[in-house]
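Report on one structure; see the data block that follows.
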Amino acid sequence: MDTPQQQQQDQVSPQAKWWVDGQRIGYKGFWFKPEFITASEAIRAHYKPLPSDIILASFPKTGTTWLKALTSSILRHSSTSSSSSIQDLDHLNPHEVVPFLEIEMFGDNPSKDITEISSPRLFSTHLPLSFLPETVKTSGCRFIYITRHPADTFVSLWHLHNNKFGTEISIRQAFEEFCKGLVPAGPYFEHVLEFWEARDRVMFVTYEDLKANPEETVRKIAEFLGCKTKVEEIVKECSFEKLRSTSKERGEGVHWSGNKYDMFFRKGVVGDWKIHLTQEMMKELEDIADLKWRGSGLDLNIFYRTASQ
Ligand code: PAP
């Protein structure tokens, strides 16, 4: 008899227009490439979170690279935390400094021994919270979740796809698929909601807060991690311009995802959606947020306030 995973695989495997790099599988309400589902099973079986672990979680294109840079930099510069295993950003892309649980840690080798990594171990994930082992709730490990307005998240994803595959796909069709959740790690709205509902142990950060008041937001992240550090230096070290120029120096280097290193740094602004989406499309996103987040205390206003509020 087929395993539940096999049954899922045999189900619909939508070939959404912009998924030219392969098939996605619906699993526990989310869409992923098959290898991510396998990796999430390995994580649940083998990952033993330590109280000192720090996990940076995010939906793709919401500020993951920036958060990786900032957090690794905070830990390295902290006078109150030892972080001997964390490399600096001088020549590396932040994705090389902070590994994904589902890729570098448990992607290729499901039973990889990660006990040798010195604490605090800094990991990242695009997996929903429900894909991680139950012990993340009890181990005391810390989560920072970064999120971003769905309109800018979508536009960033659409640009990345066009850039990566050299084909501009219809924004209307891509948008419809985003709204239906047919994107890697989608649906966006459920992904954000899962972490929002666990925010007693998850620090919630928005891309918009980071843009509006980087020093204040970095200070809060440092405080959450129990680190004393010079926030102005961290913000400078992780600025869009600085990180992009380091990546450009890498030339044609390609990250495991197939993205060139500088593809993680496109424009880095809030409100780019205004160039690409109509007011009607924005209204559609607002309606979905209203429907899916109703009663949770979460709404799109989290993207419109500033860090100090
Ligand atoms: P990932 O999920 O593939 O890692 P992620 O880093 O979450 O992508 O998102 C990339 C976005 O963050 C890009 O947004 P854009 O397409 O709207 O421009 C990228 O430019 C932006 N970004 C990356 N680093 C920074 C930074 N240091 N400051 C501001 N924005 C940044």
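By order in the structure tokens, chains are A, B, ...; within a chain, residues start at 1; ligands start at 1, following the order shown.
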Quiz item: What do you get as a VMD selection string if you pick all residues at most 7 Å from ligand 1, counting only C-alpha atoms and all ligand atoms?
Solution: chain A and resid 59 to 66 152 to 153 155 to 157 159 to 160 211 238 to 240 243 264 to 269 272
Would you save the residues of that selection, restricted to C-alpha atoms, as a compact mmCIF listing (two decimals), in the first residue's frame?
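See selection_30.txt below for the written result:
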```txt
# COMPACT_ATOMS: atom_id res chain seq x y z
CA PHE A 59 8.34 32.54 3.20
CA PRO A 60 10.58 33.03 0.12
CA LYS A 61 11.32 36.62 -0.98
CA THR A 62 10.31 38.25 2.28
CA GLY A 63 13.77 39.31 3.45
CA THR A 64 15.48 35.99 4.26
CA THR A 65 18.89 37.01 2.91
CA TRP A 66 18.86 40.28 4.82
CA ASP A 152 5.90 43.05 -2.74
CA THR A 153 6.62 39.39 -1.94
CA VAL A 155 6.51 40.98 -7.25
CA SER A 156 9.92 39.92 -5.95
CA LEU A 157 9.14 36.25 -6.68
CA HIS A 159 10.98 39.04 -11.00
CA LEU A 160 13.24 36.29 -9.68
CA LYS A 211 13.43 49.30 5.96
CA CYS A 238 24.34 44.33 5.99
CA SER A 239 23.15 47.17 3.81
CA PHE A 240 21.68 46.30 0.43
CA LEU A 243 25.81 42.86 0.33
CA PHE A 264 19.20 37.92 -4.10
CA PHE A 265 19.65 41.69 -4.35
CA ARG A 266 17.31 43.17 -6.93
CA LYS A 267 15.83 46.48 -5.81
CA GLY A 268 15.29 46.25 -2.07
CA VAL A 269 12.43 48.73 -1.69
CA ASP A 272 7.50 48.12 -5.78
```
Self-check item: Residue contacts of region 192-195 of chain A (9 Å, only C-alpha atoms) excluding same-chain residues fewer than 6 positions away, as a list in words
Solution: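 Final neighbour list, sorted by chain and number: Ala57, Ser58, Phe59, Pro128, Leu129, Ser130, Tyr145, Ile146, Thr147, Val202, Phe204, Lys292, Trp293, Ser296 and Leu298 of chain A.
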Exercise. Would you please give, as a list in words, all residues of region 40-131 of chain A that DSSP assigns to alpha helix (DSSP H) based on the backbone?
Key: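 Residues meeting the alpha helix (DSSP H) criterion: Ser40, Glu41, Ala42, Ile43, Arg44, Ala45, His46, Thr64, Thr65, Trp66, Leu67, Lys68, Ala69, Leu70, Thr71, Ser72, Ser73, Ile74, Leu75, Arg76, His77, Pro94, His95, Glu96 and Val97 of chain A.
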Output N, CA and C atoms of each residue in that selection to a file, as a short mmCIF file (atom, residue, chain, number, x, y, z; two decimals), in the first residue's frame.
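See again.cif below for the written result:
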```
data_model
loop_
_atom_site.label_atom_id
_atom_site.label_comp_id
_atom_site.auth_asym_id
_atom_site.auth_seq_id
_atom_site.Cartn_x
_atom_site.Cartn_y
_atom_site.Cartn_z
N SER A 40 11.92 17.44 4.84
CA SER A 40 11.17 17.80 6.06
C SER A 40 10.92 16.56 6.90
N GLU A 41 10.78 15.41 6.23
CA GLU A 41 10.62 14.16 7.00
C GLU A 41 11.91 13.81 7.73
N ALA A 42 13.03 14.05 7.06
CA ALA A 42 14.33 13.79 7.71
C ALA A 42 14.52 14.73 8.90
N ILE A 43 14.09 15.96 8.75
CA ILE A 43 14.22 16.93 9.85
C ILE A 43 13.39 16.46 11.04
N ARG A 44 12.17 16.02 10.75
CA ARG A 44 11.32 15.57 11.85
C ARG A 44 11.91 14.33 12.53
N ALA A 45 12.57 13.49 11.75
CA ALA A 45 13.12 12.26 12.33
C ALA A 45 14.45 12.51 13.06
N HIS A 46 15.27 13.41 12.55
CA HIS A 46 16.65 13.47 13.06
C HIS A 46 17.06 14.78 13.72
N THR A 64 14.66 37.07 3.68
CA THR A 64 15.48 35.99 4.26
C THR A 64 16.97 36.34 4.24
N THR A 65 17.46 36.75 3.08
CA THR A 65 18.89 37.01 2.91
C THR A 65 19.34 38.12 3.86
N TRP A 66 18.54 39.14 3.95
CA TRP A 66 18.86 40.28 4.82
C TRP A 66 18.88 39.83 6.29
N LEU A 67 17.85 39.08 6.69
CA LEU A 67 17.79 38.60 8.08
C LEU A 67 18.97 37.68 8.39
N LYS A 68 19.37 36.85 7.42
CA LYS A 68 20.53 35.98 7.65
C LYS A 68 21.78 36.83 7.88
N ALA A 69 21.93 37.86 7.06
CA ALA A 69 23.10 38.72 7.21
C ALA A 69 23.08 39.40 8.58
N LEU A 70 21.96 39.98 8.92
CA LEU A 70 21.87 40.74 10.18
C LEU A 70 22.09 39.85 11.40
N THR A 71 21.44 38.70 11.42
CA THR A 71 21.53 37.85 12.61
C THR A 71 22.94 37.28 12.77
N SER A 72 23.52 36.85 11.64
CA SER A 72 24.88 36.28 11.75
C SER A 72 25.84 37.39 12.20
N SER A 73 25.61 38.58 11.71
CA SER A 73 26.48 39.69 12.07
C SER A 73 26.31 40.08 13.56
N ILE A 74 25.06 40.07 14.01
CA ILE A 74 24.80 40.37 15.43
C ILE A 74 25.56 39.36 16.31
N LEU A 75 25.45 38.09 15.96
CA LEU A 75 26.08 37.06 16.79
C LEU A 75 27.60 37.16 16.75
N ARG A 76 28.14 37.49 15.58
CA ARG A 76 29.60 37.57 15.48
C ARG A 76 30.17 38.76 16.24
N HIS A 77 29.42 39.87 16.21
CA HIS A 77 29.92 41.08 16.86
C HIS A 77 29.54 41.18 18.33
N PRO A 94 25.04 35.78 2.34
CA PRO A 94 24.45 35.36 3.63
C PRO A 94 23.88 33.94 3.60
N HIS A 95 23.47 33.46 2.42
CA HIS A 95 22.94 32.09 2.34
C HIS A 95 24.04 31.05 2.56
N GLU A 96 25.29 31.46 2.33
CA GLU A 96 26.39 30.51 2.58
C GLU A 96 26.78 30.51 4.05
N VAL A 97 26.41 31.57 4.73
CA VAL A 97 26.78 31.71 6.14
C VAL A 97 25.74 31.03 7.04
#
```
Quiz item: In Å, how far is it from CA of His91 (chain A) to CA of Ile234 (chain A)?
Solution: 16.0 Å
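Atom pair CA of Lys48 (chain A) / CA of Gly186 (chain A): separated by 25.9 Å.
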Quiz prompt | Pairwise distance for CA of Asp53 (chain A) and CA of Ser111 (chain A), rounded to one decimal in Å | solution =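 Atom-to-atom, CA of Asp53 (chain A) to CA of Ser111 (chain A), that is 18.1 Å.
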Practice problem: Give the answer as one residue: which of A:Asp108, A:Arg148, A:Phe143, A:Val136 has the shortest atom-to-atom distance to Leu210 (chain A), using only C-alpha atoms? | Solution: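 Closest to Leu210 (chain A) of all the choices is A:Arg148.
Residue-level DSSP output for region 136-267 of chain A, from the backbone, shows strand (DSSP E or B) at Arg142, Phe143, Ile144, Tyr145, Ile146, Thr147, Val202, Met203, Phe204, Val205, Thr206, Val254 and Lys260 of chain A.
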